[in-house]
Structure formats: C-alpha cells, structure tokens
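A quick write-up on the structure given underneath.
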Amino acid sequence: MSRLDSFIRRLEAQRTVLNWAADTVRDRDGLVLEFGLGNGRTYDHLREQLPGRDIFVFERDPHPNPLSMPSAPFLVVGDMAQTLPVFEREHGAAAALIHVDVTTGVPERDRIAFAWLPAQVAALARPGAIVVSGWALEHDALEALPLPAGVPDGRYFAYRRAG
Ligand SMILES: C[S@@+](CC[C@H](N)C(=O)[O-])C[C@H]1O[C@@H](n2cnc3c(N)ncnc32)[C@H](O)[C@@H]1O
C-alpha cells in the first residue's frame, strides 16, 4: 500500500470514528475535549457534527487553518502536561467525549512522552464517556469498545469510561 493510500485510510478511519463518537454522545450532557489542534481539521469536524456544543481544544502551538481557530475561551494554550491538570481542577470529570490526537510526530516516542495521559483522560471523563484515540490508551478505567464497522483493528481506538 502506498503512503498516500495509507494516509487516506487513516483519515477515513478517523472520520468514521469521530462520526460514531459524536452520534453516541449527541444526547448526553458533558464537554467535548480535543487534544491536539494541529491544522484544526478534526476540531472543525467535531463542531460540525456537534453544533452548539462546548468543545475545548488543547494545543501548545496553535497555528491551524484560520477558519478552524477555536474562540479564546475554548482554546487552552500550553503543554497539556500542565494545562490538563489545571483544567481538571476547574471542571472535574466533565467530558462526555475526548478525542486524543496528540503526537510527538514520532509514534514510537508517544507511548513514553505521553505515559501520563491515560490517567489524565480517565480523570477528565464522566462515567460512560466515550474516548477515541489515534493510539492505544491503557488504563483500568478505560474499557475498550469495538470500533465502528469499516475501521480496521489498530487503526484507531475507542473506549468507554467505566463507572
Ligand atoms: C496530529 S496533530 C493534531 C491534528 C489535528 N487533530 C487535525 O485534525 O488537524 C498533533 C498536535 O498536538 C500538539 N501537541 C503535541 N504535544 C503536545 C503537548 N504536550 N501539549 C499540547 N499540544 C501538543 C502538536 O503541536 C500538534 O499540533
């Protein structure tokens, strides 16, 4: 498979998973948290899928497409290792949906660089919340869910916050 094919399949899987996650939480209370603004594509998709919803985006270096810049109160700038604990102190376990799309850019390093992240995700998620991630999150409170049809195992990851 060419890298172009692989890239397209990854984005198709991401869209399928985000649509499924948005459908699942549409009628539930709770915040939506996006970890990693990047170009703003998935943020833009989530706000289109969940209009009117409070979506907080966490990013250390926000330079998205200008059309996808979150408004000031919903953009939390800084290293998530620092900003997420502060957000947790302010909001508690308030999220109905968390999308983890943060990376060092080197997949092998992510597991080490973000070893603290699964526990932080579990702390921010309401019981029953949906968590979707580009890489596997290992935490006792995060129960793996089957992926929506058409998404191959290992291409994306989905969890339910236990409790
Ligand atoms: C793969 S990109 C996100 C792509 C985005 N979801 C999109 O669809 O355009 C990952 C982002 O995570 C950010 N990031 C990486 N480590 C971070 C950290 N420790 N704290 C905050 N942001 C971080 C990077 O700056 C980058 O913008």
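Letters A, B, ... go to the chains of the structure tokens in the order shown; residues in each chain start at 1; ligands are counted from 1 in the same order.
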
Enumerate, in order of chain and increasing residue number, the residues of chain A with an atom no farther than 6 Å from ligand 1, each with its shortest atom pair and distance in Å to one decimal, counting only C-alpha atoms and all ligand atoms, as a Markdown table.
```
| residue | atom | partner | partner_atom_place_in_ligand_line | distance |
| --- | --- | --- | --- | --- |
| A:Gly36 | CA | ligand 1 | 12 (O) | 3.6 |
| A:Leu37 | CA | ligand 1 | 5 (C) | 4.6 |
| A:Gly38 | CA | ligand 1 | 27 (O) | 3.3 |
| A:Asn39 | CA | ligand 1 | 9 (O) | 3.5 |
| A:Gly40 | CA | ligand 1 | 9 (O) | 4.0 |
| A:Arg41 | CA | ligand 1 | 8 (O) | 3.8 |
| A:Thr42 | CA | ligand 1 | 8 (O) | 3.9 |
| A:Phe58 | CA | ligand 1 | 21 (C) | 5.9 |
| A:Glu59 | CA | ligand 1 | 22 (N) | 3.8 |
| A:Arg60 | CA | ligand 1 | 21 (C) | 3.9 |
| A:Asp61 | CA | ligand 1 | 25 (O) | 5.2 |
| A:Gly78 | CA | ligand 1 | 21 (C) | 5.7 |
| A:Asp79 | CA | ligand 1 | 20 (N) | 3.5 |
| A:Met80 | CA | ligand 1 | 20 (N) | 3.9 |
| A:Ala81 | CA | ligand 1 | 19 (N) | 5.9 |
| A:Asp101 | CA | ligand 1 | 6 (N) | 5.1 |
| A:Val102 | CA | ligand 1 | 12 (O) | 3.9 |
| A:Thr103 | CA | ligand 1 | 15 (C) | 4.9 |
| A:Thr104 | CA | ligand 1 | 15 (C) | 5.3 |
```

**OP:** List the neighbours of range 83-94 of chain A out to 8 Å using only C-alpha atoms; skip same-chain residues closer than 4 positions along the sequence, and give me the result as an MDAnalysis selection string.
**Re:** chainID A and resid 30:31 58 76:79 120 123:126

Go ahead and dump the residues you just picked, C-alpha atoms, as a compact mmCIF listing (two decimals), in the first residue's frame.
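Result file follows (again-v3.txt):
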```
# COMPACT_ATOMS: atom_id res chain seq x y z
CA GLY A 30 -20.88 16.94 29.04
CA LEU A 31 -17.99 18.76 27.43
CA PHE A 58 -5.74 21.84 23.96
CA VAL A 76 -6.31 26.12 26.05
CA VAL A 77 -2.77 27.01 25.02
CA GLY A 78 0.23 25.29 26.56
CA ASP A 79 1.75 21.90 27.18
CA GLN A 120 -5.45 12.22 32.89
CA ALA A 123 -9.81 11.76 35.38
CA LEU A 124 -11.46 14.20 32.94
CA ALA A 125 -14.08 11.79 31.56
CA ARG A 126 -17.57 11.42 33.03
```

**OP:** Select from range 21-111 of chain A everything DSSP, run on the backbone, classes as alpha helix (DSSP H), then give the selection as a ChimeraX atom specification.
**Re:** /A:21-25,41-49,80-91,107-111

Write the residues you've just listed into a file as a CSV table (one decimal), in the first residue's frame, and include N, CA and C atoms for each of them.
```csv
chain,number,residue,atom,x,y,z
A,21,ALA,N,-18.6,8.5,17.4
A,21,ALA,CA,-18.5,9.1,18.7
A,21,ALA,C,-19.4,10.2,18.9
A,22,ALA,N,-19.5,11.1,17.9
A,22,ALA,CA,-20.4,12.3,18.0
A,22,ALA,C,-21.9,11.8,18.1
A,23,ASP,N,-22.2,10.8,17.3
A,23,ASP,CA,-23.6,10.2,17.4
A,23,ASP,C,-23.9,9.7,18.8
A,24,THR,N,-22.9,9.0,19.3
A,24,THR,CA,-23.1,8.3,20.6
A,24,THR,C,-23.3,9.4,21.8
A,25,VAL,N,-22.6,10.5,21.7
A,25,VAL,CA,-22.7,11.4,22.8
A,25,VAL,C,-23.7,12.6,22.6
A,41,ARG,N,-8.5,20.3,11.5
A,41,ARG,CA,-9.4,19.5,10.7
A,41,ARG,C,-10.4,18.7,11.6
A,42,THR,N,-9.9,18.0,12.6
A,42,THR,CA,-10.8,17.2,13.4
A,42,THR,C,-11.7,18.1,14.3
A,43,TYR,N,-11.1,19.2,14.8
A,43,TYR,CA,-11.9,20.2,15.6
A,43,TYR,C,-13.0,20.7,14.8
A,44,ASP,N,-12.7,21.1,13.5
A,44,ASP,CA,-13.8,21.6,12.6
A,44,ASP,C,-14.9,20.5,12.4
A,45,HIS,N,-14.4,19.3,12.2
A,45,HIS,CA,-15.4,18.2,12.0
A,45,HIS,C,-16.3,18.0,13.2
A,46,LEU,N,-15.7,18.0,14.4
A,46,LEU,CA,-16.4,17.8,15.6
A,46,LEU,C,-17.5,18.9,15.8
A,47,ARG,N,-17.0,20.2,15.5
A,47,ARG,CA,-18.0,21.2,15.8
A,47,ARG,C,-19.1,21.2,14.7
A,48,GLU,N,-18.8,20.7,13.5
A,48,GLU,CA,-19.9,20.5,12.6
A,48,GLU,C,-20.9,19.4,13.0
A,49,GLN,N,-20.3,18.3,13.5
A,49,GLN,CA,-21.1,17.2,14.0
A,49,GLN,C,-21.9,17.5,15.2
A,80,MET,N,0.0,20.2,27.4
A,80,MET,CA,-1.1,19.5,28.1
A,80,MET,C,-0.7,18.9,29.4
A,81,ALA,N,0.6,18.6,29.6
A,81,ALA,CA,1.0,18.0,30.8
A,81,ALA,C,0.8,19.0,32.0
A,82,GLN,N,0.8,20.4,31.6
A,82,GLN,CA,0.5,21.4,32.6
A,82,GLN,C,-1.0,21.9,32.5
A,83,THR,N,-1.5,22.0,31.3
A,83,THR,CA,-2.9,22.6,31.2
A,83,THR,C,-4.0,21.7,31.6
A,84,LEU,N,-3.8,20.4,31.3
A,84,LEU,CA,-4.9,19.4,31.7
A,84,LEU,C,-5.1,19.3,33.2
A,85,PRO,N,-4.1,19.2,34.0
A,85,PRO,CA,-4.4,19.2,35.5
A,85,PRO,C,-5.1,20.4,36.0
A,86,VAL,N,-4.7,21.6,35.4
A,86,VAL,CA,-5.4,22.8,35.8
A,86,VAL,C,-6.9,22.8,35.4
A,87,PHE,N,-7.1,22.3,34.1
A,87,PHE,CA,-8.5,22.2,33.6
A,87,PHE,C,-9.3,21.2,34.5
A,88,GLU,N,-8.6,20.1,34.9
A,88,GLU,CA,-9.3,19.1,35.7
A,88,GLU,C,-9.7,19.8,37.1
A,89,ARG,N,-8.8,20.6,37.6
A,89,ARG,CA,-9.2,21.2,38.9
A,89,ARG,C,-10.4,22.2,38.8
A,90,GLU,N,-10.5,22.8,37.6
A,90,GLU,CA,-11.6,23.8,37.4
A,90,GLU,C,-12.9,23.0,37.0
A,91,HIS,N,-12.8,22.0,36.2
A,91,HIS,CA,-14.0,21.4,35.7
A,91,HIS,C,-14.3,20.0,36.2
A,107,PRO,N,5.7,8.1,16.3
A,107,PRO,CA,4.8,7.2,17.0
A,107,PRO,C,5.5,6.4,18.1
A,108,GLU,N,6.7,6.0,17.9
A,108,GLU,CA,7.4,5.1,18.9
A,108,GLU,C,7.6,5.9,20.2
A,109,ARG,N,7.7,7.2,20.1
A,109,ARG,CA,8.0,8.1,21.3
A,109,ARG,C,6.8,8.4,22.0
A,110,ASP,N,5.6,8.3,21.4
A,110,ASP,CA,4.4,8.8,22.0
A,110,ASP,C,4.1,8.1,23.3
A,111,ARG,N,4.3,6.8,23.3
A,111,ARG,CA,3.9,5.9,24.5
A,111,ARG,C,4.7,6.4,25.7
```

**OP:** Tell me which protein, DNA and RNA residues are within 12 Å of Asp153 in chain A, counting only C-alpha atoms, leaving out same-chain ones fewer than 2 positions away, and put them as a ChimeraX atom specification.
**Re:** /A:10,13,17,134-136,144-151,155-158

May I have the selected residues written with C-alpha atoms, as a short mmCIF file (atom, residue, chain, number, x, y, z; two decimals), in the first residue's frame?
```cif
data_model
loop_
_atom_site.label_atom_id
_atom_site.label_comp_id
_atom_site.auth_asym_id
_atom_site.auth_seq_id
_atom_site.Cartn_x
_atom_site.Cartn_y
_atom_site.Cartn_z
CA ARG A 10 -6.20 6.73 8.28
CA ALA A 13 -11.00 5.75 9.79
CA VAL A 17 -14.75 7.03 14.41
CA GLY A 134 -5.15 7.58 17.45
CA TRP A 135 -3.06 5.37 19.71
CA ALA A 136 -3.85 2.81 22.40
CA ALA A 144 -12.03 -0.90 25.10
CA LEU A 145 -15.03 -0.66 22.77
CA PRO A 146 -15.43 -2.31 19.38
CA LEU A 147 -14.67 0.06 16.52
CA PRO A 148 -17.45 1.08 14.16
CA ALA A 149 -17.87 -1.05 11.04
CA GLY A 150 -15.24 -0.44 8.39
CA VAL A 151 -12.44 0.64 10.75
CA ARG A 155 -6.10 1.97 13.08
CA TYR A 156 -8.00 3.85 15.78
CA PHE A 157 -9.00 3.09 19.38
CA ALA A 158 -12.27 3.60 21.27
#
```

**OP:** Please give the complete set of residues from chain A that DSSP, run on the backbone, assigns to strand (DSSP E), formatted as a PyMOL selection string.
**Re:** chain A and resi 31-35+55-59+75-77+95-100+125-133+142-144+157-161
